[in-house]
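Chemist: First the structure, then my questions, so here it is.
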Amino acid sequence: MNGRATNVGNVVSLLGAFVATAMVMGLLAAGLLIPAVGATGAAATSGVKMFDDLPGEFTASPLSQQSRIVDAKGRVLATPQEENRIIVNLKDVAPIMQKAQIAIEDSRFYEHGGVDPRGILRAAVSNAQGGGTQGASTLTQQYVKLTLQENALRNNDKEAADAAVAVSASRKIQEIKYAVTLEKEMTKDQILQGYLNLAYYGDLAYGIEAASQHYFSTSAKKLNLTQAALLAGLVQNPSKTDPVHNPTKAQARRNVVLDRMYDLGIITAKQLKSAKAVPVRKMLKVKNPLSNCAASSEQYFCNYVMAYLKTMPELGKSVPERIKNVTQGGLTIQTTLNPDIQNTAKRQLTQRVPIGNSEGIGAAVSIVEPGTGRVLAMAQNTTYTTGKGSEKKGLTQVNWNVDRQYGGENGFQFGSTAKMYAIVTALQKGIPINGSIPSKFATTKQPAVYTPKEQGRCGDLKNWEVRNDEAIGGHPIPFKTATAKSVNTAFASLVLHLGVPNVQKTMTTMGLHTGSGAPITCGPASVTLGASTTTPLTLASSYATLAANGKYCAPNPILSITTNNKKQVKLRPAACKQVIDADIAKGATNLLTNVIKSGTGRAASLGSRPAAGKTGTTDNHYQSWFVGYTPQLATAVWVGTPYKQFRMKNVRLAGTYYGEVFGGTISAPIWHAIMQGASEGMPIRSFDDPSDKLLNGDRISIPYVSGMSVSQAKAVLQDAGFSAQVAGQTYSNLSPGVVVYTDPSGTAMRGETISLYTSTGYVPTAQQAPRQRVASNYQARQSSQPTPSKTKKPKGHK
């Protein structure tokens with residue numbers, strides 16, 4: 001289709017010949033102008049031939065219309081659009097609106113064949129008399145003109161768009177030819193429907209449905225007489241008569257339409273008087289479209305969805321094509337956002353960490369569904385803002401929950417929530433739930449030191465200092481106790497025993513990455529104590545792997561996409577994969593339930609509803625976390641310092657004083673409140689039990705190592721499938737430093753850490769128990785502790 005007339009010679013002669021021929025020959029049959037056969041006169045014959053030679057093929061491209069992003073219950077979140085247009089069928093337009101539009105634009109619409117000879121004659125006479133170029137276009141001709149313009153604009157052809165509305169006789173003749181052709185191919189109702197969907201009604205409202213919703217907050221199907229007359233009058237000059245900005249002119253134009261309807265017998269005198277009596281200002285109930293995410297009630301989630309849609313090949317081969325389909329295609333995009341859970345999350349989060357609080361503390365929460373990856377809720381304690389320089393406490397356009405790719409940043413250090421990955425790796429390596437793991441002694445002030453040699457691959461060239469939040473360690477600790485109490489040195493020793501790269505691999509396998517999308521840094525502090533960064537959504541999705549018995553599902557905010565003709569777009573299956581053995585996942589859950597039952601996460605307890613999770617607090621208490629799950633929901637809560645890092649100590653939030661902020665003191669209670677509300681109405685489900693093998697491991701014999709040096713004993717025990725650690729001394733006549741006995745002895749679970757007790761080299765004369773331990777764990781550690789040289793503090797702990 002070409003938007004410009006072609007092969008038009010003497011336009012004035014052609015117009016005169018066309019009109020003369022049409023009139024003289026009476027070539028009007030069934031409302032259609034028919035080429036004159038046998039017409040007399042050279043001018044007439046020439047004019048008809050030139051008219052017949054004009055292009056007649058007319059094709060309307062699909063109209064650009066707004067799409068809708070809705071939540072899981074169908075509530076509209078946003079209407080991304082290039083133009084605010086909603087296409088409707090003619091049956092969904094009030095009959096009075098149809099009559100009003102026809103009355104003012106083309107009262108003989110149902111009588112002519114696309115061109116009204118009376119109008120053409122009037123225009124020809126006026127033009128011949130020097131009255132300027134007149135139109136007298138029929139509604140069909142107007143539809144042709146608007147369609148040509150729309151098609152040109154869609155093709156970025158400005159020249160053709162200008163030509164489509166140019167005031168010229170040549171354009172009018174081409175328009176007539178198209179109109180004649182169109183009436184042969186479309187019914188009157190189809191043309192009227194197209195016109196009503198295409199016409200511009202002012203104030204960025206395209207089409208009758210968008211206009212009805214914008215000006216009156218109602219649908220085109222429910223328009224009354226007064227509303228219909230107002231809208232019908234806008235089409236002639238929408239910029240000057242739009243009722244929002246020009247109510248007086250809009251009212252005058254509305255009354256012109258009402259008068260015309262009365263003259264045509266469409267309405268009575270009483271209806272005319274009553275309709276005119278209504279002031280335009282009182283008619284309006286303006287509702288602006290949610291044309292972008294800034295206008296949405298869920299701006300952060302909306303921006304996340306828009307960014308996610310750009311990654312979907314189902315919407316096009318390239319990002320520009322996908323954006324075009326979303327903003328022009330009239331799609332209905334149903335998201336996974338559960339409005340009830342979202343409201344609960346937002347309310348509970350901001351009640352405890354208020355928006356714009358004077359402490360400058362931020363908070364965010366993400367909730368996903370295990371086994372599907374559906375993002376059910378996403379909230380933070382800020383107000384969405386746009387514009388350069390507008391960011392300050394409580395105001396941001398950054399979504400703290402998501403990766404940089406989706407409108408977030410690099411995330412935050414995630415502290416001891418990282419220990420979950422060491423737990424999974426340890427279980428995979430055969431360390432049982434009821435087993436023990438090595439540890440070094442440390443307090444809040446006195447760190448344990450791990451040398452570069454101990455750190456192994458991915459280690460640092462400096463000593464690594466690790467502190468505990470209580471005086472503990474120096475001997476093997478039960479795995480359950482180390483997990484529940486989040487003993488830093490136990491997990492530092494465990495990770496180094498397992499190998500830092502192996503635990504990092506588990507992180508990647510379970511979907512953990514930084515906010516930039518890169519893998520977690522392969523270093524002892526990052527892998528053990530969360531010194532790297534990640535986001536709440538990433539952590540929630542990763543922990544959901546355990547709730548789904550080892551199946552990881554990438555986070556997904558899309559439930560379905562429907563085209564404007566109600567057809568479902570076929571979406572790729574959820575990106576889910578079994579990444580760890582189901583029994584391993586059950587074992588990790590078994591350990592993490594103790595965090596809530598008796599450990600650092602007791603404030604997260606959901607009572608009779610089983611739950612598992614892990615606290616996290618970073619070095620210097622800059623960030624705090626609680627990440628946990630039930631079989632139905634996985635939730636990550638972060639509370640920290642997004643603007644300027646400072647130690648969260650002696651702070652007051654929403655009337656509650658915190659002497660020192662830990663994951664267990666603030667993030668866990670928020671998690672509890674959110675999950676309590678989000679789980680309401682859900683059945684109480686228990687976690688699956690791990691196998692006996694995972695609970696107790698393979699019980700095997702412990703080699704006899706008494707009399708051996710420590711290095712020999714460790715080698716023998718390692719060959720037998722155990723780890724070993726010097727736990728203290730005992731009085732003995734054996735040579736000083738050699739192993740006297742082990743704890744346990746006899747048998748133990750494969751992979752367990754065996755305590756070694758070494759000889760003092762003597763037995764006091766008064767000593768009756770030669771195997772009595774003579775040195776406390778702390779003293780034993782002090783006597784054998786290497787002198788710290790260059791040390792490195794961890795960037796994260798419990």
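Residue numbering restarts at 1 for every chain of the structure tokens, chains are lettered A, B, ... in their displayed order, and ligands are numbered from 1 as they appear.
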Could you go through stretch 605-781 of chain A and tell me which residues DSSP, when run on the backbone, assigns to strand (DSSP E or B), listing them as a ChimeraX atom specification?
Modeler: /A:612-618,623-629,634-640,649-653,656-660,699-701,723-730,739-743,747-749,753-759,773
Chemist: Tell me which protein, DNA and RNA residues are within 7 Å of A:Met708, counting only C-alpha atoms, leaving out same-chain ones fewer than 3 positions away, and put them as an mmCIF file with all heavy atoms, in the first residue's frame.
Modeler:
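Written out: selection_0.cif:
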data_model
loop_
_atom_site.group_PDB
_atom_site.id
_atom_site.type_symbol
_atom_site.label_atom_id
_atom_site.label_comp_id
_atom_site.auth_asym_id
_atom_site.auth_seq_id
_atom_site.Cartn_x
_atom_site.Cartn_y
_atom_site.Cartn_z
ATOM 1 N N VAL A 705 45.437 -45.592 66.811
ATOM 2 C CA VAL A 705 46.531 -44.678 66.482
ATOM 3 C C VAL A 705 47.329 -44.274 67.713
ATOM 4 O O VAL A 705 48.192 -43.395 67.647
ATOM 5 C CB VAL A 705 45.986 -43.410 65.776
ATOM 6 C CG1 VAL A 705 45.394 -43.757 64.418
ATOM 7 C CG2 VAL A 705 44.955 -42.689 66.639
ATOM 8 N N GLN A 712 51.150 -38.710 61.762
ATOM 9 C CA GLN A 712 50.914 -40.103 61.369
ATOM 10 C C GLN A 712 49.460 -40.504 61.635
ATOM 11 O O GLN A 712 48.816 -41.143 60.801
ATOM 12 C CB GLN A 712 51.862 -41.032 62.157
ATOM 13 C CG GLN A 712 53.311 -40.970 61.731
ATOM 14 C CD GLN A 712 54.207 -41.812 62.638
ATOM 15 O OE1 GLN A 712 53.978 -41.897 63.852
ATOM 16 N NE2 GLN A 712 55.229 -42.439 62.044
ATOM 17 N N ALA A 713 48.968 -40.105 62.810
ATOM 18 C CA ALA A 713 47.583 -40.453 63.179
ATOM 19 C C ALA A 713 46.589 -39.833 62.205
ATOM 20 O O ALA A 713 45.625 -40.486 61.779
ATOM 21 C CB ALA A 713 47.296 -39.994 64.607
ATOM 22 N N VAL A 738 52.774 -37.307 71.352
ATOM 23 C CA VAL A 738 52.215 -38.420 70.588
ATOM 24 C C VAL A 738 50.761 -38.625 71.010
ATOM 25 O O VAL A 738 50.325 -38.207 72.083
ATOM 26 C CB VAL A 738 53.019 -39.728 70.785
ATOM 27 C CG1 VAL A 738 54.461 -39.525 70.401
ATOM 28 C CG2 VAL A 738 52.894 -40.240 72.211
ATOM 29 N N VAL A 739 50.025 -39.292 70.138
ATOM 30 C CA VAL A 739 48.596 -39.508 70.386
ATOM 31 C C VAL A 739 48.426 -40.587 71.453
ATOM 32 O O VAL A 739 49.044 -41.649 71.383
ATOM 33 C CB VAL A 739 47.863 -39.919 69.088
ATOM 34 C CG1 VAL A 739 46.403 -40.263 69.387
ATOM 35 C CG2 VAL A 739 47.957 -38.810 68.061
#
Chemist: Can you list, as a list in words, every protein, DNA or RNA residue that comes within 7 Å of stretch 586-597 of chain A when you count only C-alpha atoms, leaving out same-chain residues fewer than 4 positions away?
Modeler: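 In the requested form, the answer reads Ile423, Val424, Ile433, Lys480, Thr483, Ala484, Leu546, Asn549, Ala582, Gly601, Arg602, Ala604, Ser605, Ala611, Ala612, Gly613, Lys614, Asp688, Asp689, Pro690 and Leu694 of chain A.
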Chemist: Find the residues near stretch 81-93 of chain A: any atom within 9 Å, counting only C-alpha atoms, skip ones fewer than 6 places away on the same chain, and give them as a ChimeraX atom specification.
Modeler: /A:63-68,189-190,192-194,196-198,204-211,219-223,289,291-292,324,326-330,564
Chemist: Could those selected residues go to a file with C-alpha atoms, as a short mmCIF file (atom, residue, chain, number, x, y, z; two decimals), in the first residue's frame?
Modeler:
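Contents of the output file selection-v8.cif:
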data_model
loop_
_atom_site.label_atom_id
_atom_site.label_comp_id
_atom_site.auth_asym_id
_atom_site.auth_seq_id
_atom_site.Cartn_x
_atom_site.Cartn_y
_atom_site.Cartn_z
CA LEU A 63 -3.35 -1.07 15.00
CA SER A 64 -0.95 -0.23 17.76
CA GLN A 65 -2.68 -0.79 21.07
CA GLN A 66 -1.72 -0.89 24.70
CA SER A 67 -0.84 -4.13 26.42
CA ARG A 68 -1.84 -4.98 29.97
CA ASP A 189 -20.14 -2.08 10.42
CA GLN A 190 -16.56 -3.22 9.87
CA LEU A 192 -17.34 1.95 11.49
CA GLN A 193 -15.62 -0.36 13.97
CA GLY A 194 -12.23 0.37 12.38
CA LEU A 196 -13.93 4.14 16.11
CA ASN A 197 -10.81 2.20 17.10
CA LEU A 198 -8.49 4.36 15.02
CA LEU A 204 -3.38 10.98 24.17
CA ALA A 205 -6.50 8.80 23.94
CA TYR A 206 -6.68 6.78 20.72
CA GLY A 207 -9.88 4.92 19.88
CA ILE A 208 -13.26 5.04 21.54
CA GLU A 209 -12.52 2.57 24.37
CA ALA A 210 -9.39 4.35 25.60
CA ALA A 211 -11.22 7.69 25.32
CA SER A 219 -16.25 1.51 28.97
CA ALA A 220 -17.47 2.46 25.49
CA LYS A 221 -20.29 -0.03 25.98
CA LYS A 222 -21.72 2.03 28.86
CA LEU A 223 -21.57 5.53 27.35
CA PRO A 289 -3.57 5.11 31.84
CA SER A 291 1.28 3.85 30.58
CA ASN A 292 4.58 3.01 32.25
CA LYS A 324 7.49 -3.37 20.07
CA VAL A 326 4.77 -5.42 24.29
CA THR A 327 4.05 -1.73 23.68
CA GLN A 328 1.99 -2.11 20.49
CA GLY A 329 0.63 -5.64 20.45
CA GLY A 330 -2.34 -5.46 22.81
CA ASN A 564 -5.37 -9.30 21.55
#
Chemist: Measuring between only C-alpha atoms, which one of A:Pro370, A:Pro669, A:Gly430, A:Gly663 shows the shortest distance to A:Tyr543?
Modeler: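 Selected residue with least distance to A:Tyr543: A:Pro370.
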Chemist: Which is closest to A:Thr187 among A:Thr656, A:Thr140, A:Gln174, A:Ser212, if we use only C-alpha atoms?
Modeler: A:Thr140
Chemist: Could you list, with a cut-off of 7 Å and counting only C-alpha atoms, the residues of stretch 367-456 of chain A near stretch 495-498 of chain A, each shown with its nearest atom pair and the distance in Å rounded to one decimal, rows sorted by chain and ascending number, as CSV?
Modeler:
residue,atom,partner,partner_atom,distance
A:Ala422,CA,A:Val495,CA,6.2
A:Ala426,CA,A:Leu498,CA,6.9
A:Glu454,CA,A:Leu496,CA,7.0
A:Gln455,CA,A:Leu496,CA,5.8
Chemist: Name the residues of stretch 153-356 of chain A that fall into helix (DSSP H, G or I) according to DSSP on the backbone, using the chain letters and numbers of this document, as a VMD selection string.
Modeler: chain A and resid 153 to 154 158 to 164 169 to 185 188 to 198 208 to 216 220 to 222 225 to 234 238 to 241 247 to 263 269 to 276 280 to 283 293 to 295 299 to 309 313 to 315 319 to 328 339 to 352
Chemist: Could the residues in this selection be saved with C-alpha atoms as a tab-separated table (two decimals), in the first residue's frame?
Modeler:
chain	number	residue	atom	x	y	z
A	153	LEU	CA	3.92	6.11	11.17
A	154	ARG	CA	4.28	2.43	12.03
A	158	LYS	CA	7.25	10.59	7.91
A	159	GLU	CA	6.89	11.69	4.30
A	160	ALA	CA	4.06	9.24	3.69
A	161	ALA	CA	2.42	10.19	7.00
A	162	ASP	CA	2.41	13.86	6.00
A	163	ALA	CA	1.10	13.01	2.53
A	164	ALA	CA	-1.77	10.99	4.04
A	169	ALA	CA	-6.94	17.58	-4.45
A	170	SER	CA	-4.51	14.85	-5.48
A	171	ARG	CA	-4.63	13.27	-2.06
A	172	LYS	CA	-8.43	13.53	-2.05
A	173	ILE	CA	-8.74	11.70	-5.38
A	174	GLN	CA	-6.50	8.85	-4.22
A	175	GLU	CA	-8.51	8.70	-0.99
A	176	ILE	CA	-11.74	8.41	-3.00
A	177	LYS	CA	-10.34	5.52	-5.01
A	178	TYR	CA	-9.33	3.70	-1.84
A	179	ALA	CA	-12.73	4.37	-0.26
A	180	VAL	CA	-14.58	2.97	-3.28
A	181	THR	CA	-12.42	-0.16	-3.18
A	182	LEU	CA	-12.76	-0.51	0.58
A	183	GLU	CA	-16.57	-0.49	0.48
A	184	LYS	CA	-16.45	-3.48	-1.85
A	185	GLU	CA	-14.33	-5.44	0.62
A	188	LYS	CA	-20.36	-0.77	6.86
A	189	ASP	CA	-20.14	-2.08	10.42
A	190	GLN	CA	-16.56	-3.22	9.87
A	191	ILE	CA	-15.62	0.23	8.56
A	192	LEU	CA	-17.34	1.95	11.49
A	193	GLN	CA	-15.62	-0.36	13.97
A	194	GLY	CA	-12.23	0.37	12.38
A	195	TYR	CA	-12.88	4.10	12.45
A	196	LEU	CA	-13.93	4.14	16.11
A	197	ASN	CA	-10.81	2.20	17.10
A	198	LEU	CA	-8.49	4.36	15.02
A	208	ILE	CA	-13.26	5.04	21.54
A	209	GLU	CA	-12.52	2.57	24.37
A	210	ALA	CA	-9.39	4.35	25.60
A	211	ALA	CA	-11.22	7.69	25.32
A	212	SER	CA	-14.20	6.41	27.34
A	213	GLN	CA	-11.95	5.09	30.08
A	214	HIS	CA	-9.78	8.20	30.10
A	215	TYR	CA	-12.47	10.87	30.25
A	216	PHE	CA	-15.27	9.06	32.08
A	220	ALA	CA	-17.47	2.46	25.49
A	221	LYS	CA	-20.29	-0.03	25.98
A	222	LYS	CA	-21.72	2.03	28.86
A	225	LEU	CA	-26.01	10.33	25.32
A	226	THR	CA	-24.14	13.27	26.83
A	227	GLN	CA	-20.85	11.37	26.96
A	228	ALA	CA	-21.28	10.05	23.42
A	229	ALA	CA	-21.98	13.51	22.00
A	230	LEU	CA	-18.89	14.92	23.72
A	231	LEU	CA	-16.61	12.21	22.35
A	232	ALA	CA	-18.10	12.31	18.85
A	233	GLY	CA	-17.37	16.01	18.67
A	234	LEU	CA	-13.69	15.65	19.52
A	238	PRO	CA	-9.14	16.96	19.20
A	239	SER	CA	-6.28	19.21	20.26
A	240	LYS	CA	-8.55	22.28	20.54
A	241	THR	CA	-11.65	20.66	21.98
A	247	PRO	CA	-13.77	22.42	28.60
A	248	THR	CA	-15.56	25.46	27.17
A	249	LYS	CA	-14.77	24.62	23.55
A	250	ALA	CA	-15.52	20.97	24.25
A	251	GLN	CA	-18.96	21.87	25.58
A	252	ALA	CA	-19.73	24.05	22.55
A	253	ARG	CA	-18.70	21.29	20.19
A	254	ARG	CA	-20.71	18.70	22.17
A	255	ASN	CA	-23.80	20.89	21.77
A	256	VAL	CA	-23.23	21.04	18.00
A	257	VAL	CA	-23.33	17.26	17.94
A	258	LEU	CA	-26.50	17.19	20.05
A	259	ASP	CA	-28.19	19.68	17.70
A	260	ARG	CA	-27.26	17.55	14.70
A	261	MET	CA	-28.66	14.44	16.38
A	262	TYR	CA	-31.89	16.29	17.07
A	263	ASP	CA	-32.11	17.52	13.46
A	269	ALA	CA	-36.28	17.87	22.19
A	270	LYS	CA	-36.48	16.80	25.81
A	271	GLN	CA	-33.31	14.72	25.49
A	272	LEU	CA	-31.59	17.61	23.73
A	273	LYS	CA	-32.43	20.07	26.51
A	274	SER	CA	-31.48	17.63	29.26
A	275	ALA	CA	-28.13	16.73	27.68
A	276	LYS	CA	-27.15	20.35	27.05
A	280	VAL	CA	-18.72	19.32	30.74
A	281	ARG	CA	-16.65	19.79	33.89
A	282	LYS	CA	-19.18	17.78	35.89
A	283	MET	CA	-19.17	15.00	33.32
A	293	CYS	CA	5.84	1.41	35.41
A	294	ALA	CA	6.29	4.74	37.16
A	295	ALA	CA	2.47	5.02	37.17
A	299	GLN	CA	6.68	0.08	40.25
A	300	TYR	CA	9.63	-2.12	41.23
A	301	PHE	CA	7.96	-5.38	40.27
A	302	CYS	CA	6.64	-3.81	37.06
A	303	ASN	CA	10.11	-2.70	35.99
A	304	TYR	CA	11.40	-6.18	36.77
A	305	VAL	CA	8.68	-7.68	34.55
A	306	MET	CA	9.41	-5.27	31.69
A	307	ALA	CA	13.12	-6.15	31.86
A	308	TYR	CA	12.27	-9.87	32.01
A	309	LEU	CA	9.99	-9.60	28.94
A	313	PRO	CA	12.31	-15.16	22.67
A	314	GLU	CA	8.58	-15.94	22.54
A	315	LEU	CA	8.01	-12.21	22.03
A	319	VAL	CA	15.01	-6.96	22.07
A	320	PRO	CA	13.57	-4.13	19.89
A	321	GLU	CA	11.04	-6.55	18.40
A	322	ARG	CA	10.03	-7.76	21.86
A	323	ILE	CA	9.60	-4.19	23.12
A	324	LYS	CA	7.49	-3.37	20.07
A	325	ASN	CA	5.22	-6.35	20.65
A	326	VAL	CA	4.77	-5.42	24.29
A	327	THR	CA	4.05	-1.73	23.68
A	328	GLN	CA	1.99	-2.11	20.49
A	339	PRO	CA	-1.57	-9.37	45.59
A	340	ASP	CA	-2.45	-10.76	49.03
A	341	ILE	CA	1.09	-11.98	49.73
A	342	GLN	CA	2.52	-8.79	48.23
A	343	ASN	CA	0.43	-6.58	50.49
A	344	THR	CA	1.41	-8.65	53.52
A	345	ALA	CA	5.10	-8.47	52.65
A	346	LYS	CA	5.05	-4.73	52.03
A	347	ARG	CA	3.04	-3.98	55.18
A	348	GLN	CA	5.10	-6.11	57.56
A	349	LEU	CA	8.41	-4.95	56.11
A	350	THR	CA	7.65	-1.22	56.29
A	351	GLN	CA	6.02	-1.45	59.71
A	352	ARG	CA	9.28	-2.71	61.19
Chemist: Using only C-alpha atoms, which protein or nucleic acid residues come within 8 Å of A:Pro703? Drop anything in the same chain fewer than 5 positions from it, and give the result as an mmCIF file with N, CA and C atoms, in the first residue's frame.
Modeler:
data_model
loop_
_atom_site.group_PDB
_atom_site.id
_atom_site.type_symbol
_atom_site.label_atom_id
_atom_site.label_comp_id
_atom_site.auth_asym_id
_atom_site.auth_seq_id
_atom_site.Cartn_x
_atom_site.Cartn_y
_atom_site.Cartn_z
ATOM 1 N N VAL A 716 46.616 -41.806 58.950
ATOM 2 C CA VAL A 716 45.954 -43.107 59.061
ATOM 3 C C VAL A 716 44.440 -42.933 59.104
ATOM 4 N N LEU A 717 43.993 -41.979 59.886
ATOM 5 C CA LEU A 717 42.556 -41.738 60.008
ATOM 6 C C LEU A 717 41.959 -41.238 58.685
ATOM 7 N N ALA A 720 41.370 -43.928 56.355
ATOM 8 C CA ALA A 720 40.230 -44.754 56.768
ATOM 9 C C ALA A 720 38.889 -44.068 56.518
ATOM 10 N N GLY A 746 36.689 -46.925 68.751
ATOM 11 C CA GLY A 746 35.898 -48.087 68.316
ATOM 12 C C GLY A 746 35.342 -47.880 66.923
#
Chemist: Which residues are close to A:Leu559, i.e. within 9 Å by only C-alpha atoms, leaving aside same-chain residues fewer than 4 positions away? Reply as a count of residues only.
Modeler: 6
Chemist: Can you tell me which residues surround A:Val637 at a distance of at most 8 Å, considering only C-alpha atoms, apart from same-chain residues fewer than 2 positions away, and format the answer as a compact mmCIF listing (two decimals) with all heavy atoms, in the first residue's frame?
Modeler:
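What follows is the written file part17.txt:
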# COMPACT_ATOMS: atom_id res chain seq x y z
N ALA A 363 15.50 -2.13 53.70
CA ALA A 363 15.01 -3.49 53.87
C ALA A 363 14.32 -3.94 52.59
O ALA A 363 13.73 -3.11 51.87
CB ALA A 363 14.05 -3.59 55.05
N ALA A 364 14.41 -5.22 52.32
CA ALA A 364 13.77 -5.77 51.11
C ALA A 364 13.41 -7.22 51.36
O ALA A 364 14.01 -7.89 52.21
CB ALA A 364 14.69 -5.65 49.90
N VAL A 365 12.41 -7.70 50.62
CA VAL A 365 11.97 -9.08 50.75
C VAL A 365 11.54 -9.62 49.39
O VAL A 365 10.91 -8.91 48.61
CB VAL A 365 10.82 -9.23 51.76
CG1 VAL A 365 9.64 -8.34 51.39
CG2 VAL A 365 10.36 -10.69 51.89
N SER A 366 11.92 -10.86 49.11
CA SER A 366 11.46 -11.57 47.91
C SER A 366 10.88 -12.91 48.33
O SER A 366 11.44 -13.58 49.21
CB SER A 366 12.62 -11.81 46.93
OG SER A 366 13.00 -10.63 46.27
N PRO A 536 18.23 -10.49 47.26
CA PRO A 536 17.20 -11.29 47.93
C PRO A 536 16.50 -12.29 47.01
O PRO A 536 16.26 -13.43 47.40
CB PRO A 536 16.22 -10.23 48.45
CG PRO A 536 17.08 -9.03 48.70
CD PRO A 536 18.08 -9.04 47.58
N TRP A 625 20.42 -10.76 57.45
CA TRP A 625 19.54 -11.56 56.60
C TRP A 625 18.81 -12.63 57.41
O TRP A 625 19.28 -13.06 58.45
CB TRP A 625 20.34 -12.31 55.53
CG TRP A 625 21.02 -11.49 54.49
CD1 TRP A 625 22.21 -10.84 54.61
CD2 TRP A 625 20.57 -11.25 53.15
NE1 TRP A 625 22.53 -10.21 53.44
CE2 TRP A 625 21.54 -10.45 52.52
CE3 TRP A 625 19.45 -11.65 52.43
CZ2 TRP A 625 21.43 -10.04 51.20
CZ3 TRP A 625 19.33 -11.25 51.12
CH2 TRP A 625 20.30 -10.44 50.51
N PHE A 626 17.68 -13.03 56.90
CA PHE A 626 17.13 -14.33 57.21
C PHE A 626 16.52 -14.88 55.93
O PHE A 626 15.68 -14.22 55.30
CB PHE A 626 16.08 -14.32 58.31
CG PHE A 626 15.75 -15.72 58.76
CD1 PHE A 626 16.55 -16.37 59.69
CD2 PHE A 626 14.69 -16.44 58.20
CE1 PHE A 626 16.29 -17.68 60.08
CE2 PHE A 626 14.43 -17.75 58.57
CZ PHE A 626 15.24 -18.37 59.52
N VAL A 627 16.98 -16.06 55.55
CA VAL A 627 16.47 -16.74 54.37
C VAL A 627 15.92 -18.08 54.82
O VAL A 627 16.64 -18.87 55.45
CB VAL A 627 17.56 -16.96 53.30
CG1 VAL A 627 16.93 -17.48 52.01
CG2 VAL A 627 18.31 -15.67 53.03
N THR A 635 11.47 -17.50 51.23
CA THR A 635 11.49 -16.05 51.43
C THR A 635 12.86 -15.60 51.92
O THR A 635 13.43 -16.20 52.84
CB THR A 635 10.41 -15.65 52.45
OG1 THR A 635 9.14 -16.02 51.95
CG2 THR A 635 10.44 -14.15 52.71
N VAL A 639 17.95 -6.74 55.68
CA VAL A 639 17.90 -5.44 56.36
C VAL A 639 19.34 -4.96 56.45
O VAL A 639 20.20 -5.67 56.98
CB VAL A 639 17.28 -5.54 57.76
CG1 VAL A 639 17.28 -4.17 58.44
CG2 VAL A 639 15.86 -6.09 57.70
N SER A 667 15.94 -9.41 61.00
CA SER A 667 15.47 -10.05 59.76
C SER A 667 14.58 -11.26 60.05
O SER A 667 13.57 -11.47 59.38
CB SER A 667 16.66 -10.47 58.89
OG SER A 667 17.42 -9.33 58.52
N ALA A 668 14.96 -12.03 61.07
CA ALA A 668 14.17 -13.23 61.40
C ALA A 668 12.76 -12.87 61.88
O ALA A 668 11.78 -13.49 61.44
CB ALA A 668 14.90 -14.07 62.44
N ILE A 670 11.01 -10.25 61.09
CA ILE A 670 10.28 -9.77 59.91
C ILE A 670 9.87 -10.95 59.04
O ILE A 670 8.74 -11.02 58.56
CB ILE A 670 11.16 -8.77 59.11
CG1 ILE A 670 11.39 -7.49 59.92
CG2 ILE A 670 10.48 -8.43 57.77
CD1 ILE A 670 12.36 -6.53 59.28
N TRP A 671 10.80 -11.88 58.86
CA TRP A 671 10.49 -13.10 58.08
C TRP A 671 9.32 -13.83 58.70
O TRP A 671 8.40 -14.27 58.00
CB TRP A 671 11.73 -13.99 58.05
CG TRP A 671 11.63 -15.21 57.19
CD1 TRP A 671 12.02 -15.33 55.89
CD2 TRP A 671 11.11 -16.50 57.56
NE1 TRP A 671 11.78 -16.61 55.42
CE2 TRP A 671 11.22 -17.34 56.43
CE3 TRP A 671 10.56 -17.02 58.72
CZ2 TRP A 671 10.80 -18.68 56.44
CZ3 TRP A 671 10.14 -18.35 58.74
CH2 TRP A 671 10.26 -19.16 57.61
Chemist: In Å, with one decimal, what is the gap from atom CA of A:Lys505 to atom CA of A:Leu633?
Modeler: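 For atom CA of A:Lys505 relative to atom CA of A:Leu633, the distance reads 25.0 Å.
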